[in-house]
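Below is model.pdb, holding PDB, C-alpha atoms and all ligand atoms.
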ATOM      1  CA  MET X  29      -4.874 -18.603 -17.218
ATOM      2  CA  SER X  30      -7.079 -17.060 -19.910
ATOM      3  CA  ALA X  31      -5.923 -13.969 -21.794
ATOM      4  CA  GLN X  32      -8.514 -11.852 -19.984
ATOM      5  CA  PRO X  33      -8.760 -12.986 -16.353
ATOM      6  CA  ASN X  34     -11.677 -11.757 -14.272
ATOM      7  CA  ILE X  35     -10.478  -9.711 -11.327
ATOM      8  CA  VAL X  36     -12.781  -8.561  -8.539
ATOM      9  CA  LEU X  37     -11.699  -5.768  -6.213
ATOM     10  CA  ILE X  38     -13.523  -5.739  -2.859
ATOM     11  CA  GLY X  39     -13.165  -2.379  -1.129
ATOM     12  CA  CYS X  40     -12.500   0.612  -3.350
ATOM     13  CA  GLY X  41     -11.390   3.182  -0.780
ATOM     14  CA  LYS X  42      -8.052   4.995  -0.639
ATOM     15  CA  MET X  43      -5.785   2.026  -1.399
ATOM     16  CA  GLY X  44      -8.105  -0.137  -3.498
ATOM     17  CA  GLY X  45      -9.120   2.940  -5.502
ATOM     18  CA  ALA X  46      -5.482   3.940  -6.025
ATOM     19  CA  LEU X  47      -4.599   0.480  -7.334
ATOM     20  CA  LEU X  48      -7.662   0.255  -9.578
ATOM     21  CA  GLN X  49      -6.922   3.658 -11.095
ATOM     22  CA  GLY X  50      -3.431   2.440 -11.995
ATOM     23  CA  TRP X  51      -4.745  -0.811 -13.545
ATOM     24  CA  LEU X  52      -7.231   1.070 -15.703
ATOM     25  CA  ASP X  53      -4.766   3.816 -16.662
ATOM     26  CA  GLN X  54      -2.289   1.170 -17.797
ATOM     27  CA  ASN X  55      -4.877  -0.870 -19.694
ATOM     28  CA  ILE X  56      -4.140  -4.119 -17.881
ATOM     29  CA  ASP X  57      -5.519  -6.950 -19.987
ATOM     30  CA  ALA X  58      -8.226  -8.155 -17.576
ATOM     31  CA  ASN X  59     -11.932  -7.730 -16.794
ATOM     32  CA  PHE X  60     -12.275  -5.719 -13.613
ATOM     33  CA  SER X  61     -15.299  -5.418 -11.387
ATOM     34  CA  VAL X  62     -15.654  -3.801  -7.980
ATOM     35  CA  ILE X  63     -17.656  -4.558  -4.849
ATOM     36  CA  GLU X  64     -17.850  -1.434  -2.706
ATOM     37  CA  PRO X  65     -20.813   0.014  -0.756
ATOM     38  CA  HIS X  66     -20.101   3.653  -1.679
ATOM     39  CA  ASP X  67     -20.218   5.399  -5.059
ATOM     40  CA  ILE X  68     -16.892   5.317  -6.880
ATOM     41  CA  PRO X  69     -15.528   7.927  -9.290
ATOM     42  CA  ILE X  70     -14.715   5.296 -11.938
ATOM     43  CA  THR X  71     -17.554   4.558 -14.385
ATOM     44  CA  LYS X  72     -16.060   2.259 -17.012
ATOM     45  CA  ILE X  73     -16.192  -0.924 -14.902
ATOM     46  CA  THR X  74     -18.936  -2.987 -13.297
ATOM     47  CA  HIS X  75     -19.655  -1.784  -9.771
ATOM     48  CA  HIS X  76     -21.677  -3.821  -7.263
ATOM     49  CA  LYS X  77     -22.672  -2.341  -3.927
ATOM     50  CA  THR X  78     -23.079  -5.668  -2.099
ATOM     51  CA  ILE X  79     -21.458  -9.103  -2.047
ATOM     52  CA  GLU X  80     -24.750 -10.687  -3.132
ATOM     53  CA  ALA X  81     -24.952  -8.404  -6.182
ATOM     54  CA  GLY X  82     -21.378  -9.317  -7.115
ATOM     55  CA  ALA X  83     -21.806 -13.066  -6.470
ATOM     56  CA  GLU X  84     -21.592 -14.062 -10.142
ATOM     57  CA  ASP X  85     -18.366 -12.095 -10.650
ATOM     58  CA  LEU X  86     -16.894 -13.658  -7.504
ATOM     59  CA  LYS X  87     -17.650 -17.151  -8.853
ATOM     60  CA  SER X  88     -15.903 -16.504 -12.161
ATOM     61  CA  ALA X  89     -12.936 -14.596 -10.714
ATOM     62  CA  ALA X  90      -9.368 -15.732 -11.324
ATOM     63  CA  LEU X  91      -8.216 -13.297  -8.650
ATOM     64  CA  ILE X  92     -10.035 -11.477  -5.851
ATOM     65  CA  VAL X  93      -8.326  -8.437  -4.364
ATOM     66  CA  LEU X  94      -9.299  -7.737  -0.757
ATOM     67  CA  ALA X  95      -8.803  -4.051   0.091
ATOM     68  CA  VAL X  96     -10.957  -3.482   3.165
ATOM     69  CA  LYS X  97      -9.729  -2.395   6.592
ATOM     70  CA  PRO X  98      -8.041  -5.191   8.598
ATOM     71  CA  GLN X  99     -10.730  -4.889  11.287
ATOM     72  CA  THR X 100     -13.474  -5.835   8.795
ATOM     73  CA  MET X 101     -11.526  -8.570   6.997
ATOM     74  CA  ALA X 102     -12.800 -11.541   9.037
ATOM     75  CA  ALA X 103     -16.448 -10.545   8.504
ATOM     76  CA  LEU X 104     -15.859  -9.959   4.784
ATOM     77  CA  CYS X 105     -14.178 -13.349   4.328
ATOM     78  CA  THR X 106     -17.080 -15.073   6.099
ATOM     79  CA  ASP X 107     -19.474 -13.247   3.736
ATOM     80  CA  ILE X 108     -17.662 -14.243   0.530
ATOM     81  CA  LYS X 109     -16.569 -17.763   1.487
ATOM     82  CA  ASN X 110     -19.594 -19.458  -0.060
ATOM     83  CA  HIS X 111     -19.404 -17.344  -3.217
ATOM     84  CA  ILE X 112     -15.843 -18.192  -4.237
ATOM     85  CA  ASN X 113     -14.133 -21.239  -5.726
ATOM     86  CA  GLU X 114     -11.483 -23.020  -3.711
ATOM     87  CA  ASP X 115      -8.896 -22.472  -6.445
ATOM     88  CA  THR X 116      -9.511 -18.730  -6.884
ATOM     89  CA  THR X 117      -6.492 -16.735  -5.788
ATOM     90  CA  ILE X 118      -7.023 -14.216  -3.001
ATOM     91  CA  LEU X 119      -4.773 -11.146  -3.024
ATOM     92  CA  SER X 120      -4.993  -9.284   0.287
ATOM     93  CA  ILE X 121      -3.444  -5.868   0.790
ATOM     94  CA  ALA X 122      -4.571  -5.561   4.415
ATOM     95  CA  ALA X 123      -2.077  -4.692   7.127
ATOM     96  CA  GLY X 124      -1.443  -7.438   9.661
ATOM     97  CA  GLN X 125      -3.617 -10.165   8.102
ATOM     98  CA  SER X 126      -1.434 -13.265   7.839
ATOM     99  CA  LEU X 127      -1.541 -16.039   5.248
ATOM    100  CA  THR X 128      -2.558 -18.406   8.062
ATOM    101  CA  SER X 129      -5.561 -16.262   8.964
ATOM    102  CA  PHE X 130      -6.809 -16.533   5.354
ATOM    103  CA  SER X 131      -6.367 -20.316   5.355
ATOM    104  CA  GLU X 132      -8.680 -20.276   8.400
ATOM    105  CA  TYR X 133     -11.216 -17.935   6.758
ATOM    106  CA  PHE X 134     -11.249 -19.937   3.500
ATOM    107  CA  ALA X 135     -10.331 -23.481   2.417
ATOM    108  CA  PRO X 136      -6.946 -24.590   3.844
ATOM    109  CA  THR X 137      -5.640 -24.969   0.279
ATOM    110  CA  GLN X 138      -6.984 -21.607  -1.001
ATOM    111  CA  PRO X 139      -4.230 -19.824  -2.957
ATOM    112  CA  VAL X 140      -3.457 -16.604  -1.070
ATOM    113  CA  ILE X 141      -1.050 -13.755  -1.736
ATOM    114  CA  ARG X 142      -0.458 -11.180   0.990
ATOM    115  CA  ALA X 143       0.847  -7.859  -0.305
ATOM    116  CA  MET X 144       1.636  -4.511   1.231
ATOM    117  CA  PRO X 145       1.448  -1.592  -1.224
ATOM    118  CA  ASN X 146       1.341   2.124  -0.394
ATOM    119  CA  THR X 147      -0.724   5.083  -1.620
ATOM    120  CA  PRO X 148       1.756   6.537  -4.167
ATOM    121  CA  ALA X 149       0.484   3.525  -6.141
ATOM    122  CA  ALA X 150      -2.159   5.945  -7.460
ATOM    123  CA  ILE X 151       0.503   7.666  -9.576
ATOM    124  CA  GLY X 152       2.683   4.613 -10.319
ATOM    125  CA  LYS X 153       5.248   5.559  -7.652
ATOM    126  CA  GLY X 154       4.229   2.977  -5.070
ATOM    127  CA  MET X 155       6.291   0.306  -3.295
ATOM    128  CA  SER X 156       4.780  -3.140  -2.812
ATOM    129  CA  VAL X 157       6.136  -6.304  -1.214
ATOM    130  CA  ALA X 158       4.264  -9.617  -1.414
ATOM    131  CA  VAL X 159       4.430 -13.178  -0.129
ATOM    132  CA  ALA X 160       2.445 -16.102  -1.558
ATOM    133  CA  ASN X 161       1.356 -19.314   0.156
ATOM    134  CA  LYS X 162       2.423 -22.688  -1.263
ATOM    135  CA  HIS X 163      -0.960 -23.264  -2.948
ATOM    136  CA  THR X 164      -0.524 -20.292  -5.292
ATOM    137  CA  SER X 165       0.253 -21.170  -8.912
ATOM    138  CA  GLN X 166       3.002 -19.476 -10.879
ATOM    139  CA  SER X 167       0.421 -17.964 -13.264
ATOM    140  CA  ALA X 168      -1.515 -16.437 -10.341
ATOM    141  CA  LYS X 169       1.733 -15.025  -8.954
ATOM    142  CA  THR X 170       2.550 -13.554 -12.362
ATOM    143  CA  LEU X 171      -0.906 -11.932 -12.548
ATOM    144  CA  ALA X 172      -0.576 -10.451  -9.037
ATOM    145  CA  GLU X 173       2.923  -9.234  -9.886
ATOM    146  CA  THR X 174       1.635  -7.550 -13.059
ATOM    147  CA  LEU X 175      -1.061  -5.775 -11.040
ATOM    148  CA  LEU X 176       1.284  -4.648  -8.288
ATOM    149  CA  LYS X 177       3.992  -3.547 -10.752
ATOM    150  CA  THR X 178       1.585  -1.068 -12.352
ATOM    151  CA  ALA X 179       1.632   0.613  -8.963
ATOM    152  CA  GLY X 180       5.411   1.142  -8.869
ATOM    153  CA  LYS X 181       8.286  -0.939  -7.557
ATOM    154  CA  PHE X 182       7.572  -4.479  -6.453
ATOM    155  CA  GLU X 183       9.406  -7.238  -4.585
ATOM    156  CA  TRP X 184       8.523 -10.793  -3.566
ATOM    157  CA  THR X 185       9.657 -12.153  -0.231
ATOM    158  CA  ASP X 186       9.559 -15.747   1.057
ATOM    159  CA  ASP X 187       9.679 -14.530   4.649
ATOM    160  CA  GLU X 188       6.211 -13.483   5.757
ATOM    161  CA  SER X 189       7.520 -12.268   9.112
ATOM    162  CA  LEU X 190       9.007  -9.262   7.250
ATOM    163  CA  LEU X 191       5.567  -7.985   6.220
ATOM    164  CA  ASP X 192       4.884  -6.227   9.536
ATOM    165  CA  ALA X 193       8.096  -4.247   9.171
ATOM    166  CA  VAL X 194       7.347  -3.598   5.465
ATOM    167  CA  THR X 195       3.993  -2.180   6.586
ATOM    168  CA  ALA X 196       5.776   0.029   9.116
ATOM    169  CA  LEU X 197       8.266   1.362   6.556
ATOM    170  CA  SER X 198       6.764   1.662   3.082
ATOM    171  CA  GLY X 199       3.085   0.933   3.855
ATOM    172  CA  SER X 200       2.742   3.737   6.387
ATOM    173  CA  GLY X 201       5.799   5.685   5.188
ATOM    174  CA  PRO X 202       4.130   8.263   2.920
ATOM    175  CA  ALA X 203       2.444   9.713   6.039
ATOM    176  CA  TYR X 204       5.844  10.215   7.686
ATOM    177  CA  VAL X 205       7.030  12.174   4.649
ATOM    178  CA  PHE X 206       3.876  14.331   4.702
ATOM    179  CA  TYR X 207       4.585  14.962   8.386
ATOM    180  CA  LEU X 208       8.140  15.981   7.457
ATOM    181  CA  ILE X 209       6.646  18.564   5.070
ATOM    182  CA  GLU X 210       4.406  19.836   7.875
ATOM    183  CA  MET X 211       7.362  20.102  10.272
ATOM    184  CA  LEU X 212       9.516  21.940   7.708
ATOM    185  CA  GLU X 213       6.612  24.281   7.048
ATOM    186  CA  LYS X 214       6.218  25.144  10.743
ATOM    187  CA  ALA X 215       9.974  25.471  11.291
ATOM    188  CA  GLY X 216      10.264  27.721   8.201
ATOM    189  CA  ASN X 217       7.517  29.935   9.595
ATOM    190  CA  LYS X 218       9.344  30.111  12.949
ATOM    191  CA  VAL X 219      12.535  31.392  11.271
ATOM    192  CA  GLY X 220      10.549  34.197   9.650
ATOM    193  CA  LEU X 221       8.965  32.972   6.403
ATOM    194  CA  PRO X 222       5.285  33.754   5.762
ATOM    195  CA  ILE X 223       3.349  30.493   6.297
ATOM    196  CA  GLU X 224       2.209  30.155   2.635
ATOM    197  CA  MET X 225       5.771  30.642   1.429
ATOM    198  CA  ALA X 226       7.094  28.163   4.010
ATOM    199  CA  ALA X 227       4.486  25.645   2.828
ATOM    200  CA  THR X 228       5.520  26.010  -0.829
ATOM    201  CA  LEU X 229       9.223  25.767  -0.013
ATOM    202  CA  ALA X 230       8.762  22.750   2.285
ATOM    203  CA  ARG X 231       6.685  20.769  -0.214
ATOM    204  CA  GLN X 232       8.868  21.568  -3.235
ATOM    205  CA  THR X 233      12.041  20.733  -1.286
ATOM    206  CA  VAL X 234      10.740  17.249  -0.484
ATOM    207  CA  ILE X 235       9.551  16.776  -4.089
ATOM    208  CA  GLY X 236      12.916  17.915  -5.459
ATOM    209  CA  ALA X 237      14.977  15.819  -3.036
ATOM    210  CA  ALA X 238      12.863  12.727  -3.767
ATOM    211  CA  ALA X 239      13.257  13.280  -7.528
ATOM    212  CA  LEU X 240      17.039  13.611  -7.112
ATOM    213  CA  ALA X 241      17.129  10.424  -5.044
ATOM    214  CA  GLU X 242      15.188   8.724  -7.851
ATOM    215  CA  THR X 243      17.496   9.889 -10.652
ATOM    216  CA  GLN X 244      20.555   8.893  -8.587
ATOM    217  CA  SER X 245      19.085   5.607  -7.401
ATOM    218  CA  GLU X 246      22.477   3.853  -7.170
ATOM    219  CA  THR X 247      23.863   6.489  -4.798
ATOM    220  CA  PRO X 248      23.277   5.723  -1.094
ATOM    221  CA  ALA X 249      21.133   8.303   0.739
ATOM    222  CA  LYS X 250      24.079   8.999   3.057
ATOM    223  CA  THR X 251      26.241  10.030   0.080
ATOM    224  CA  LEU X 252      23.448  12.205  -1.353
ATOM    225  CA  ARG X 253      23.266  13.944   2.019
ATOM    226  CA  GLU X 254      27.039  14.338   2.347
ATOM    227  CA  ASN X 255      27.245  15.739  -1.196
ATOM    228  CA  VAL X 256      25.095  18.714  -0.165
ATOM    229  CA  THR X 257      26.653  19.274   3.260
ATOM    230  CA  SER X 258      29.711  21.555   3.316
ATOM    231  CA  PRO X 259      31.730  21.323   6.532
ATOM    232  CA  GLY X 260      30.940  24.320   8.725
ATOM    233  CA  GLY X 261      28.046  25.392   6.473
ATOM    234  CA  THR X 262      24.337  25.988   7.052
ATOM    235  CA  THR X 263      23.224  22.414   6.234
ATOM    236  CA  ALA X 264      25.860  21.013   8.618
ATOM    237  CA  ALA X 265      24.575  23.312  11.378
ATOM    238  CA  ALA X 266      21.029  21.974  10.960
ATOM    239  CA  LEU X 267      22.070  18.341  10.595
ATOM    240  CA  GLU X 268      24.127  18.541  13.779
ATOM    241  CA  ILE X 269      20.928  19.396  15.646
ATOM    242  CA  LEU X 270      18.973  16.568  13.992
ATOM    243  CA  MET X 271      21.709  13.964  14.407
ATOM    244  CA  ASN X 272      22.687  14.881  17.944
ATOM    245  CA  GLY X 273      19.035  15.095  18.832
ATOM    246  CA  ARG X 274      16.768  12.076  18.789
ATOM    247  CA  ALA X 275      15.730  11.995  15.106
ATOM    248  CA  GLN X 276      17.041   8.439  14.478
ATOM    249  CA  ASP X 277      15.787   7.235  17.877
ATOM    250  CA  LEU X 278      12.347   8.664  17.121
ATOM    251  CA  PHE X 279      12.207   6.904  13.747
ATOM    252  CA  ASN X 280      13.333   3.655  15.390
ATOM    253  CA  GLU X 281      10.551   4.005  17.944
ATOM    254  CA  ALA X 282       7.982   5.030  15.322
ATOM    255  CA  LEU X 283       8.676   2.045  13.060
ATOM    256  CA  GLN X 284       8.700  -0.277  16.076
ATOM    257  CA  ALA X 285       5.264   1.050  17.102
ATOM    258  CA  ALA X 286       3.896   0.517  13.578
ATOM    259  CA  THR X 287       5.421  -2.998  13.382
ATOM    260  CA  THR X 288       3.894  -3.908  16.746
ATOM    261  CA  ARG X 289       0.499  -2.521  15.682
ATOM    262  CA  SER X 290       0.646  -4.548  12.455
ATOM    263  CA  ARG X 291       1.275  -7.707  14.544
ATOM    264  CA  GLU X 292      -1.578  -6.801  16.903
ATOM    265  CA  LEU X 293      -3.995  -6.447  13.982
ATOM    266  CA  ASN X 294      -3.432 -10.120  13.244
ATOM    267  CA  SER X 295      -3.913 -11.357  16.800
TER     268      SER X 295
HETATM  269  N1  LIG G 301      -4.235   3.650   3.000
HETATM  270  C1  LIG G 301      -2.971   3.217   2.938
HETATM  271  O1  LIG G 301      -2.008   3.975   2.910
HETATM  272  C2  LIG G 301      -2.697   1.737   2.875
HETATM  273  C3  LIG G 301      -1.399   1.294   2.537
HETATM  274  C4  LIG G 301      -1.166  -0.074   2.439
HETATM  275  C5  LIG G 301      -2.178  -0.979   2.697
HETATM  276  N2  LIG G 301      -3.408  -0.524   3.065
HETATM  277  C6  LIG G 301      -4.452  -1.508   3.368
HETATM  278  O2  LIG G 301      -5.492  -1.332   2.456
HETATM  279  C7  LIG G 301      -6.713  -1.718   3.069
HETATM  280  C8  LIG G 301      -7.742  -0.647   2.802
HETATM  281  O3  LIG G 301      -7.316   0.561   3.398
HETATM  282  P1  LIG G 301      -7.887   1.959   2.910
HETATM  283  O4  LIG G 301      -7.058   2.996   3.546
HETATM  284  O5  LIG G 301      -8.047   1.935   1.417
HETATM  285  O6  LIG G 301      -9.345   1.896   3.606
HETATM  286  P2  LIG G 301     -10.660   2.648   3.158
HETATM  287  O7  LIG G 301     -10.319   3.924   2.461
HETATM  288  O8  LIG G 301     -11.550   2.671   4.361
HETATM  289  O9  LIG G 301     -11.298   1.676   2.055
HETATM  290  C9  LIG G 301     -11.949   0.470   2.348
HETATM  291  C10 LIG G 301     -13.277   0.471   1.592
HETATM  292  O10 LIG G 301     -13.850  -0.831   1.657
HETATM  293  C11 LIG G 301     -15.230  -0.688   1.950
HETATM  294  N3  LIG G 301     -15.770  -1.891   2.546
HETATM  295  C12 LIG G 301     -15.836  -2.239   3.856
HETATM  296  N4  LIG G 301     -16.418  -3.442   3.985
HETATM  297  C13 LIG G 301     -16.733  -3.876   2.743
HETATM  298  C14 LIG G 301     -17.360  -5.033   2.236
HETATM  299  N5  LIG G 301     -17.806  -6.005   3.049
HETATM  300  N6  LIG G 301     -17.514  -5.153   0.909
HETATM  301  C15 LIG G 301     -17.101  -4.183   0.073
HETATM  302  N7  LIG G 301     -16.482  -3.049   0.496
HETATM  303  C16 LIG G 301     -16.314  -2.887   1.822
HETATM  304  C17 LIG G 301     -15.250   0.485   2.895
HETATM  305  O11 LIG G 301     -16.556   1.007   3.078
HETATM  306  P3  LIG G 301     -16.903   1.628   4.563
HETATM  307  O12 LIG G 301     -16.081   2.865   4.683
HETATM  308  O13 LIG G 301     -18.381   1.894   4.497
HETATM  309  O14 LIG G 301     -16.526   0.578   5.554
HETATM  310  C18 LIG G 301     -14.308   1.452   2.208
HETATM  311  O15 LIG G 301     -14.934   2.195   1.190
HETATM  312  C19 LIG G 301      -6.441  -1.883   4.576
HETATM  313  O16 LIG G 301      -6.493  -3.243   4.913
HETATM  314  C20 LIG G 301      -5.065  -1.322   4.756
HETATM  315  O17 LIG G 301      -4.330  -2.047   5.749
HETATM  316  C21 LIG G 301      -3.698   0.816   3.132
END
Taking this structure as input, can you express it in the form of structure tokens?
Amino acid sequence: MSAQPNIVLIGCGKMGGALLQGWLDQNIDANFSVIEPHDIPITKITHHKTIEAGAEDLKSAALIVLAVKPQTMAALCTDIKNHINEDTTILSIAAGQSLTSFSEYFAPTQPVIRAMPNTPAAIGKGMSVAVANKHTSQSAKTLAETLLKTAGKFEWTDDESLLDAVTALSGSGPAYVFYLIEMLEKAGNKVGLPIEMAATLARQTVIGAAALAETQSETPAKTLRENVTSPGGTTAAALEILMNGRAQDLFNEALQAATTRSRELNS
């Protein structure tokens, strides 16, 4: 692969935009261009509003990143099929779109990498997991890995069936944490705090706890929790409610629902 591969990002919304911002911030050694119908806040790269306008870039691309909604993926792939080379690597970040579905959209031997990042990618704190099909070269895998590592932590898997559960946990997970902040905020207000104060305390508590978990990354979450829970104390009183209630059951059900939805998106 040349020193400066051409990379085309199709779809520069929340996730595509977050990834692109990270690639530009970290000066990845590549030529980036974007195909996206709406205006984008980034000016220092080539931006095409239609596939036809970006056709030349698609032809010369070493890697094409597909970051449109799963529901529009089939139509997009049909639109770009005749503009891309059969050896160009496709990197999809769409939920629920399997490697097999891409081998049906494109040539059966098209190199395809399926990845699942998450939105903290915008600030380099993301979590991505990827699987590559057997037609993907080592150099294309290295390029995709470089791109996804700028977004935070990254892991390869050989087992594509895990991707639906990855989507349910880390792909959708930031929303669960934002919901936790909302719930803490409301509960803080109910025990007497003014709502603005409850909001500040809730948000900063999650930020602080996450930062502690990051600095003590070798310590299991259970130990971190036990370290701040004195027997008979206030934290123990609250945790008894959460643990004897249905908190774990609810998370089990929530992740199952997201996993099922990810599978449905591919059917
Ligand atoms: N958001 C997340 O937390 C997250 C996490 C992990 C993975 N993902 C995956 O990332 C993908 C994108 O999600 P998102 O949340 O970033 O969606 P989004 O904000 O809607 O961004 C998608 C963008 O692609 C544009 N687009 C649609 N069709 C196009 C086409 N034919 N050519 C060029 N651009 C086109 C859309 O324009 P229109 O709005 O006009 O259609 C939109 O601006 C999804 O497949 C999702 O599963 C998202």
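Atom C2 of ligand LIG 301 (chain G) is positioned 25.3 Å from atom CA of Lys162 of chain X.
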Explicit residues for the PyMOL selection byres (((not hetatm)) within 6 of (chain G and resi 301)) (as number ranges by chain): X: 38-44, 63-65, 95-98, 104, 121-123, 144-147, 199-200
Nearby residues (all atoms listed in the file) at most 10 Å from Thr128 of chain X, same-chain spacing under 4 positions excluded, as a VMD selection string: chain X and resid 132 to 134 136 140 161 294
Show which residues sit within 9 Å of Leu229 of chain X, as an mmCIF file with C-alpha atoms, keeping the file's coordinate frame. Count all atoms listed in the file, and ignore same-chain residues fewer than 5 positions away.
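Now in selection.cif:
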data_model
loop_
_atom_site.group_PDB
_atom_site.id
_atom_site.type_symbol
_atom_site.label_atom_id
_atom_site.label_comp_id
_atom_site.auth_asym_id
_atom_site.auth_seq_id
_atom_site.Cartn_x
_atom_site.Cartn_y
_atom_site.Cartn_z
ATOM 1 C CA LEU X 212 9.516 21.940 7.708
ATOM 2 C CA GLU X 213 6.612 24.281 7.048
ATOM 3 C CA GLY X 216 10.264 27.721 8.201
ATOM 4 C CA GLU X 224 2.209 30.155 2.635
ATOM 5 C CA VAL X 234 10.740 17.249 -0.484
#
Ref. answer, residues at most 10 Å from (8.3, -16.5, -0.2) with only C-alpha atoms, as a list of chain:residue names: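 Taken together, the residues in range are X:Ile141, X:Ala158, X:Val159, X:Ala160, X:Asn161, X:Lys162, X:Trp184, X:Thr185, X:Asp186, X:Asp187, X:Glu188.
Counting only C-alpha atoms, the residue from X:Leu86, X:Ala239, X:Ala58, X:Leu175 that sits nearest to Gln32 of chain X is X:Ala58.
Between atom CA of Asp192 of chain X and atom CA of Arg289 of chain X there is a distance of 8.4 Å.
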Do a neighbour search on His163 of chain X at 12 Å with only C-alpha atoms, toss out local chain neighbours closer than 5 positions, and write the hits as a PDB file with C-alpha atoms, in the frame of the given file.
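out21.pdb, freshly written:
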ATOM      1  CA  GLU X 114     -11.483 -23.020  -3.711  1.00  0.00           C
ATOM      2  CA  ASP X 115      -8.896 -22.472  -6.445  1.00  0.00           C
ATOM      3  CA  THR X 116      -9.511 -18.730  -6.884  1.00  0.00           C
ATOM      4  CA  THR X 117      -6.492 -16.735  -5.788  1.00  0.00           C
ATOM      5  CA  ILE X 118      -7.023 -14.216  -3.001  1.00  0.00           C
ATOM      6  CA  LEU X 127      -1.541 -16.039   5.248  1.00  0.00           C
ATOM      7  CA  SER X 131      -6.367 -20.316   5.355  1.00  0.00           C
ATOM      8  CA  ALA X 135     -10.331 -23.481   2.417  1.00  0.00           C
ATOM      9  CA  PRO X 136      -6.946 -24.590   3.844  1.00  0.00           C
ATOM     10  CA  THR X 137      -5.640 -24.969   0.279  1.00  0.00           C
ATOM     11  CA  GLN X 138      -6.984 -21.607  -1.001  1.00  0.00           C
ATOM     12  CA  PRO X 139      -4.230 -19.824  -2.957  1.00  0.00           C
ATOM     13  CA  VAL X 140      -3.457 -16.604  -1.070  1.00  0.00           C
ATOM     14  CA  ILE X 141      -1.050 -13.755  -1.736  1.00  0.00           C
ATOM     15  CA  ALA X 168      -1.515 -16.437 -10.341  1.00  0.00           C
ATOM     16  CA  LYS X 169       1.733 -15.025  -8.954  1.00  0.00           C
TER      17      LYS X 169
END
Between atom CA of Leu221 of chain X and atom CA of Phe206 of chain X, distance in Å (one decimal):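 Rounded to one decimal, the two atoms are 19.4 Å apart.
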